[in-house]
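Q: Take a look at structure.cif, mmCIF, C-alpha atoms:
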```cif
data_input
loop_
_atom_site.label_atom_id
_atom_site.label_comp_id
_atom_site.auth_asym_id
_atom_site.auth_seq_id
_atom_site.Cartn_x
_atom_site.Cartn_y
_atom_site.Cartn_z
CA MET O 373 -4.71 -3.86 -29.41
CA GLN O 374 -7.88 -3.26 -27.41
CA ASN O 375 -9.05 0.26 -26.69
CA PHE O 376 -7.98 1.01 -23.11
CA GLN O 377 -11.23 2.83 -22.38
CA GLU O 378 -13.34 -0.23 -23.25
CA THR O 379 -11.29 -2.45 -20.94
CA ALA O 380 -11.30 0.12 -18.14
CA ASN O 381 -15.09 0.41 -18.50
CA PHE O 382 -15.50 -3.37 -18.31
CA ILE O 383 -13.43 -3.62 -15.12
CA TRP O 384 -15.16 -0.58 -13.64
CA GLU O 385 -18.55 -2.21 -14.22
CA ILE O 386 -17.43 -5.33 -12.34
CA ALA O 387 -17.34 -3.27 -9.14
CA ASP O 388 -20.96 -2.16 -9.43
CA GLU O 389 -22.16 -5.53 -10.66
CA ILE O 390 -20.47 -7.73 -8.03
CA LEU O 391 -19.64 -5.53 -5.03
CA ARG O 392 -22.44 -2.96 -4.89
CA ASP O 393 -24.64 -4.53 -2.22
CA ASP O 394 -21.89 -5.88 0.03
CA PHE O 395 -19.04 -3.34 -0.05
CA LYS O 396 -18.93 0.38 0.54
CA ARG O 397 -17.81 2.28 -2.53
CA GLY O 398 -14.70 3.42 -0.71
CA LYS O 399 -13.63 -0.23 -0.46
CA TYR O 400 -14.04 -1.02 -4.17
CA PRO O 401 -10.38 -0.24 -5.01
CA ASP O 402 -9.18 -2.70 -2.34
CA VAL O 403 -10.83 -5.45 -4.37
CA ILE O 404 -10.79 -4.33 -7.99
CA LEU O 405 -7.22 -3.04 -8.27
CA PRO O 406 -5.44 -6.15 -6.90
CA PHE O 407 -7.66 -8.46 -8.93
CA THR O 408 -6.86 -6.42 -12.04
CA VAL O 409 -3.16 -7.01 -11.33
CA LEU O 410 -3.79 -10.73 -10.70
CA ARG O 411 -5.72 -11.14 -13.92
CA ARG O 412 -2.96 -9.39 -15.87
CA LEU O 413 -0.32 -11.69 -14.36
CA ASP O 414 -2.55 -14.68 -15.07
CA CYS O 415 -2.86 -13.73 -18.74
CA VAL O 416 0.86 -12.98 -19.09
CA LEU O 417 1.84 -16.40 -17.71
CA ALA O 418 -0.86 -18.41 -19.50
CA PRO O 419 1.14 -19.37 -22.63
CA THR O 420 3.95 -20.98 -20.60
CA LYS O 421 1.88 -22.27 -17.66
CA GLN O 422 2.21 -25.96 -18.55
CA ALA O 423 5.92 -25.63 -19.35
CA VAL O 424 6.50 -24.14 -15.89
CA LEU O 425 4.54 -26.90 -14.16
CA GLN O 426 6.49 -29.55 -16.05
CA LYS O 427 9.80 -27.90 -15.21
CA TYR O 428 8.78 -27.59 -11.55
CA GLN O 429 7.93 -31.30 -11.41
CA PHE O 430 11.28 -32.11 -13.00
CA CYS O 431 13.11 -29.96 -10.44
CA GLN O 432 11.20 -31.65 -7.61
CA GLU O 433 12.13 -35.10 -8.91
CA LYS O 434 15.78 -34.07 -9.20
CA LYS O 435 15.58 -32.46 -5.73
CA LEU O 436 17.13 -29.23 -6.97
CA GLN O 437 17.72 -26.78 -4.14
CA ASN O 438 17.18 -23.57 -6.09
CA PRO O 439 15.14 -24.02 -9.28
CA ASP O 440 14.27 -20.31 -9.54
CA GLY O 441 16.42 -19.68 -12.61
CA GLN O 442 15.09 -22.69 -14.49
CA LEU O 443 11.50 -21.76 -13.69
CA ARG O 444 12.02 -18.21 -14.88
CA LYS O 445 13.46 -19.55 -18.10
CA ALA O 446 10.50 -21.89 -18.56
CA ALA O 447 8.10 -19.00 -17.97
CA GLY O 448 10.01 -16.68 -20.28
CA MET O 449 9.56 -14.02 -17.62
CA SER O 450 11.29 -12.74 -14.49
CA PHE O 451 8.47 -14.30 -12.45
CA TYR O 452 6.32 -17.44 -12.57
CA ASN O 453 3.59 -19.40 -10.79
CA ILE O 454 4.00 -23.07 -9.79
CA SER O 455 0.42 -23.53 -8.60
CA GLN O 456 -1.78 -25.84 -10.65
CA TYR O 457 -4.42 -23.12 -10.62
CA ASP O 458 -5.14 -20.14 -12.81
CA PHE O 459 -8.33 -18.09 -13.20
CA PRO O 460 -10.13 -20.65 -15.42
CA THR O 461 -9.24 -23.68 -13.28
CA LEU O 462 -10.24 -21.91 -10.06
CA LEU O 463 -13.78 -21.85 -11.43
CA THR O 464 -13.91 -25.64 -11.74
CA ASP O 465 -14.10 -26.11 -7.96
CA ALA O 466 -16.52 -23.54 -6.56
CA LYS O 467 -16.75 -25.28 -3.18
CA ASN O 468 -13.03 -24.83 -2.46
CA ILE O 469 -12.41 -21.63 -4.37
CA SER O 470 -11.17 -19.68 -1.34
CA LYS O 471 -8.58 -22.30 -0.36
CA ASN O 472 -7.53 -22.79 -3.98
CA THR O 473 -7.18 -19.05 -4.59
CA ILE O 474 -4.83 -18.77 -1.62
CA ALA O 475 -2.83 -21.70 -3.03
CA TYR O 476 -2.72 -19.85 -6.35
CA LEU O 477 -1.32 -16.72 -4.67
CA ASN O 478 1.28 -18.79 -2.82
CA GLY O 479 2.38 -20.32 -6.12
CA PHE O 480 3.90 -17.08 -7.37
CA SER O 481 7.66 -16.65 -7.28
CA ASP O 482 9.04 -14.76 -4.29
CA ASN O 483 9.68 -11.53 -6.22
CA MET O 484 6.04 -11.34 -7.35
CA ARG O 485 4.56 -12.59 -4.09
CA GLY O 486 6.20 -9.66 -2.34
CA VAL O 487 4.24 -7.32 -4.60
CA ILE O 488 0.97 -9.21 -4.12
CA GLU O 489 1.29 -9.26 -0.32
CA LYS O 490 1.15 -5.46 -0.24
CA PHE O 491 -2.50 -5.73 -1.36
CA ASN O 492 -3.41 -7.82 1.74
CA LEU O 493 -5.26 -10.18 -0.58
CA PRO O 494 -5.78 -13.14 1.81
CA ALA O 495 -8.05 -11.01 4.00
CA THR O 496 -9.90 -9.69 0.95
CA ILE O 497 -10.36 -13.21 -0.39
CA GLU O 498 -11.75 -14.37 2.95
CA THR O 499 -14.23 -11.47 3.01
CA LEU O 500 -15.32 -12.08 -0.58
CA ASN O 501 -15.81 -15.77 0.09
CA SER O 502 -17.85 -15.13 3.24
CA LYS O 503 -20.19 -13.00 1.14
CA ASN O 504 -20.33 -15.62 -1.66
CA LEU O 505 -18.72 -13.17 -4.08
CA LEU O 506 -15.31 -14.72 -4.74
CA PHE O 507 -16.49 -17.14 -7.43
CA LEU O 508 -18.54 -14.43 -9.15
CA LEU O 509 -15.63 -11.98 -9.10
CA ILE O 510 -13.10 -14.43 -10.53
CA LYS O 511 -15.63 -15.55 -13.14
CA LYS O 512 -16.19 -11.97 -14.26
CA PHE O 513 -12.48 -11.14 -14.35
CA SER O 514 -11.89 -14.30 -16.38
CA GLU O 515 -13.90 -12.68 -19.14
CA ALA O 516 -11.35 -9.85 -19.39
CA ASP O 517 -8.56 -10.65 -21.85
CA LEU O 518 -5.59 -8.77 -20.39
CA SER O 519 -2.98 -10.70 -22.36
CA PRO O 520 0.00 -8.78 -23.81
CA GLU O 521 -1.19 -9.73 -27.29
CA LYS O 522 -4.35 -7.71 -26.68
CA ILE O 523 -3.06 -5.06 -24.29
CA ASP O 524 0.58 -3.97 -24.24
CA ASN O 525 2.33 -2.83 -21.07
CA HIS O 526 1.85 0.86 -21.80
CA THR O 527 -1.89 0.43 -22.33
CA MET O 528 -2.18 -1.74 -19.23
CA GLY O 529 -0.55 1.00 -17.20
CA THR O 530 -3.00 3.52 -18.65
CA ILE O 531 -5.95 1.27 -17.71
CA PHE O 532 -4.69 0.97 -14.14
CA GLU O 533 -4.19 4.71 -13.83
CA GLU O 534 -7.66 5.32 -15.27
CA LEU O 535 -9.21 3.03 -12.65
CA ILE O 536 -7.34 4.81 -9.86
CA ARG O 537 -8.48 8.18 -11.21
CA ARG O 538 -12.13 7.08 -11.30
CA PHE O 539 -12.05 5.62 -7.81
CA ASN O 540 -10.53 8.82 -6.44
CA GLU O 541 -13.12 10.95 -8.20
CA GLN O 542 -15.85 8.76 -6.75
CA ARG O 543 -14.46 9.36 -3.25
CA ASN O 544 -14.16 13.10 -3.96
CA GLU O 545 -10.39 12.91 -3.70
CA ASN O 546 -8.07 14.88 -5.92
CA PRO O 547 -7.19 12.54 -8.83
CA GLY O 548 -3.97 14.50 -9.35
CA GLU O 549 -2.59 13.09 -6.12
CA HIS O 550 -2.42 9.62 -7.68
CA PHE O 551 -2.41 10.27 -11.42
CA THR O 552 0.21 12.02 -13.54
CA PRO O 553 -0.90 13.00 -17.06
CA ARG O 554 1.13 11.42 -19.86
CA GLU O 555 2.21 14.78 -21.24
CA VAL O 556 3.72 15.68 -17.85
CA ILE O 557 5.58 12.36 -17.76
CA ARG O 558 6.97 12.97 -21.25
CA LEU O 559 8.14 16.45 -20.24
CA MET O 560 9.85 15.09 -17.11
CA VAL O 561 11.68 12.43 -19.12
CA ARG O 562 12.83 14.96 -21.73
CA LEU O 563 14.19 17.20 -18.99
CA LEU O 564 16.00 14.30 -17.32
CA VAL O 565 17.75 13.00 -20.45
CA ARG O 566 18.40 16.33 -22.17
CA GLY O 567 22.04 16.55 -23.17
CA ASP O 568 22.66 12.84 -22.56
CA GLU O 569 20.69 11.38 -25.48
CA ALA O 570 23.75 10.16 -27.39
CA ILE O 571 25.28 8.50 -24.31
CA LEU O 572 22.04 6.80 -23.29
CA LYS O 573 21.61 5.26 -26.74
CA GLN O 574 24.85 3.30 -26.40
CA PRO O 575 24.32 -0.44 -25.69
CA GLY O 576 24.69 -1.48 -22.07
CA VAL O 577 24.71 2.03 -20.62
CA VAL O 578 23.22 2.31 -17.13
CA ARG O 579 22.51 5.60 -15.38
CA THR O 580 21.13 6.26 -11.89
CA ILE O 581 18.60 9.05 -11.39
CA TYR O 582 18.38 10.64 -7.97
#
```
For this file, produce the structure as structure tokens.

A:
Amino acid sequence: MQNFQETANFIWEIADEILRDDFKRGKYPDVILPFTVLRRLDCVLAPTKQAVLQKYQFCQEKKLQNPDGQLRKAAGMSFYNISQYDFPTLLTDAKNISKNTIAYLNGFSDNMRGVIEKFNLPATIETLNSKNLLFLLIKKFSEADLSPEKIDNHTMGTIFEELIRRFNEQRNENPGEHFTPREVIRLMVRLLVRGDEAILKQPGVVRTIY
């Protein structure tokens, strides 16, 4: 597993290297955070990308009305992307990278596209492209290996929180408003499950926390 600090540093440096002369520092998170999420999703789906595309073509030929379940199965995940593009292939057509990146976003399954839309990425992509930065940004993010084999989910969450903390510090905001230390999280979980440990360990048990 990669050291989370090294990866966070690499992503942090992308902001200064690519965005410094064209974006105000307060706008860095609007670009870096969603592209960090995109790159993570890209790496997660990479091993089954071709299998998903083949299954999608099969479903199209068979005119299946709702292929969602089959595509999830092909991806081995609860989400997928049916676009022909990923970060590496986007770089093969610099002239049309803006249009192709939008097509890539639209290729995500509905459940993931709903998450992505909250970042207002189409507008960000248009701005980056108008400043001739979109290709450079995707190229730089392509160098970051955010695959689960290198970075597990827990570490990825830590990297994301570290980036948020740094951006807030840079803007002189209180990092505590957006970042909860791990030891506080562990304490909260212990308090929540105390007395119910034996029940929660039983297979299939579901509990709702208010």

Q: Could you list the residues chosen by the PyMOL selection byres ((chain O and resi 445-455) around 6) in this structure as number ranges by chain?

A: O: 420, 423-425, 442-444, 456-457, 476, 479-481

Q: I would like the residues chosen by the PyMOL selection byres ((chain O and resi 394-403) around 9) on the shown file; could you give them as a VMD selection string?

A: chain O and resid 387 to 388 390 to 393 404 to 408 491 to 493 496 to 497 500 503 505 535 to 536 539 to 540 542 to 543

Q: May I have the residues within 12 Å of O:Lys467 as a ChimeraX atom specification, using only C-alpha atoms and disregarding those fewer than 6 positions away in the same chain?

A: /O:473,501,504,506-507

Q: Keeping only C-alpha atoms, take the residues you just selected and write them out as a compact mmCIF listing (two decimals), in the frame of the given file.

A:
```txt
# COMPACT_ATOMS: atom_id res chain seq x y z
CA THR O 473 -7.18 -19.05 -4.59
CA ASN O 501 -15.81 -15.77 0.09
CA ASN O 504 -20.33 -15.62 -1.66
CA LEU O 506 -15.31 -14.72 -4.74
CA PHE O 507 -16.49 -17.14 -7.43
```

Q: Applied to this file, what does the PyMOL selection byres ((chain O and resi 511) around 12) return in terms of residues, put as a list of chain:residue names?

A: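 Output of the PyMOL selection byres ((chain O and resi 511) around 12): O:Ile386, O:Ile390, O:Phe407, O:Arg411, O:Asp458, O:Phe459, O:Pro460, O:Thr461, O:Leu462, O:Leu463, O:Thr464, O:Asp465, O:Ala466, O:Ile469, O:Leu505, O:Leu506, O:Phe507, O:Leu508, O:Leu509, O:Ile510, O:Lys512, O:Phe513, O:Ser514, O:Glu515, O:Ala516.
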
Q: Name the closest residue to O:Glu378 among the candidates O:Ile571, O:Ile531, O:Ile488, O:Leu413; distances are taken between atoms, counting only C-alpha atoms.

A: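 Of O:Ile571, O:Ile531, O:Ile488, O:Leu413, the one nearest O:Glu378 is O:Ile531, counting only C-alpha atoms.
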
Q: O:Pro520: which residues within 8 Å, counting only C-alpha atoms, same-chain residues fewer than 3 positions away excluded, as a ChimeraX atom specification?

A: /O:415-416,523-525

Q: Please report the interatomic distance between atom CA of O:Ser519 and atom CA of O:Ala380 in Å with one decimal.

A: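 Value for the atom CA of O:Ser519-atom CA of O:Ala380 distance: 14.3 Å.
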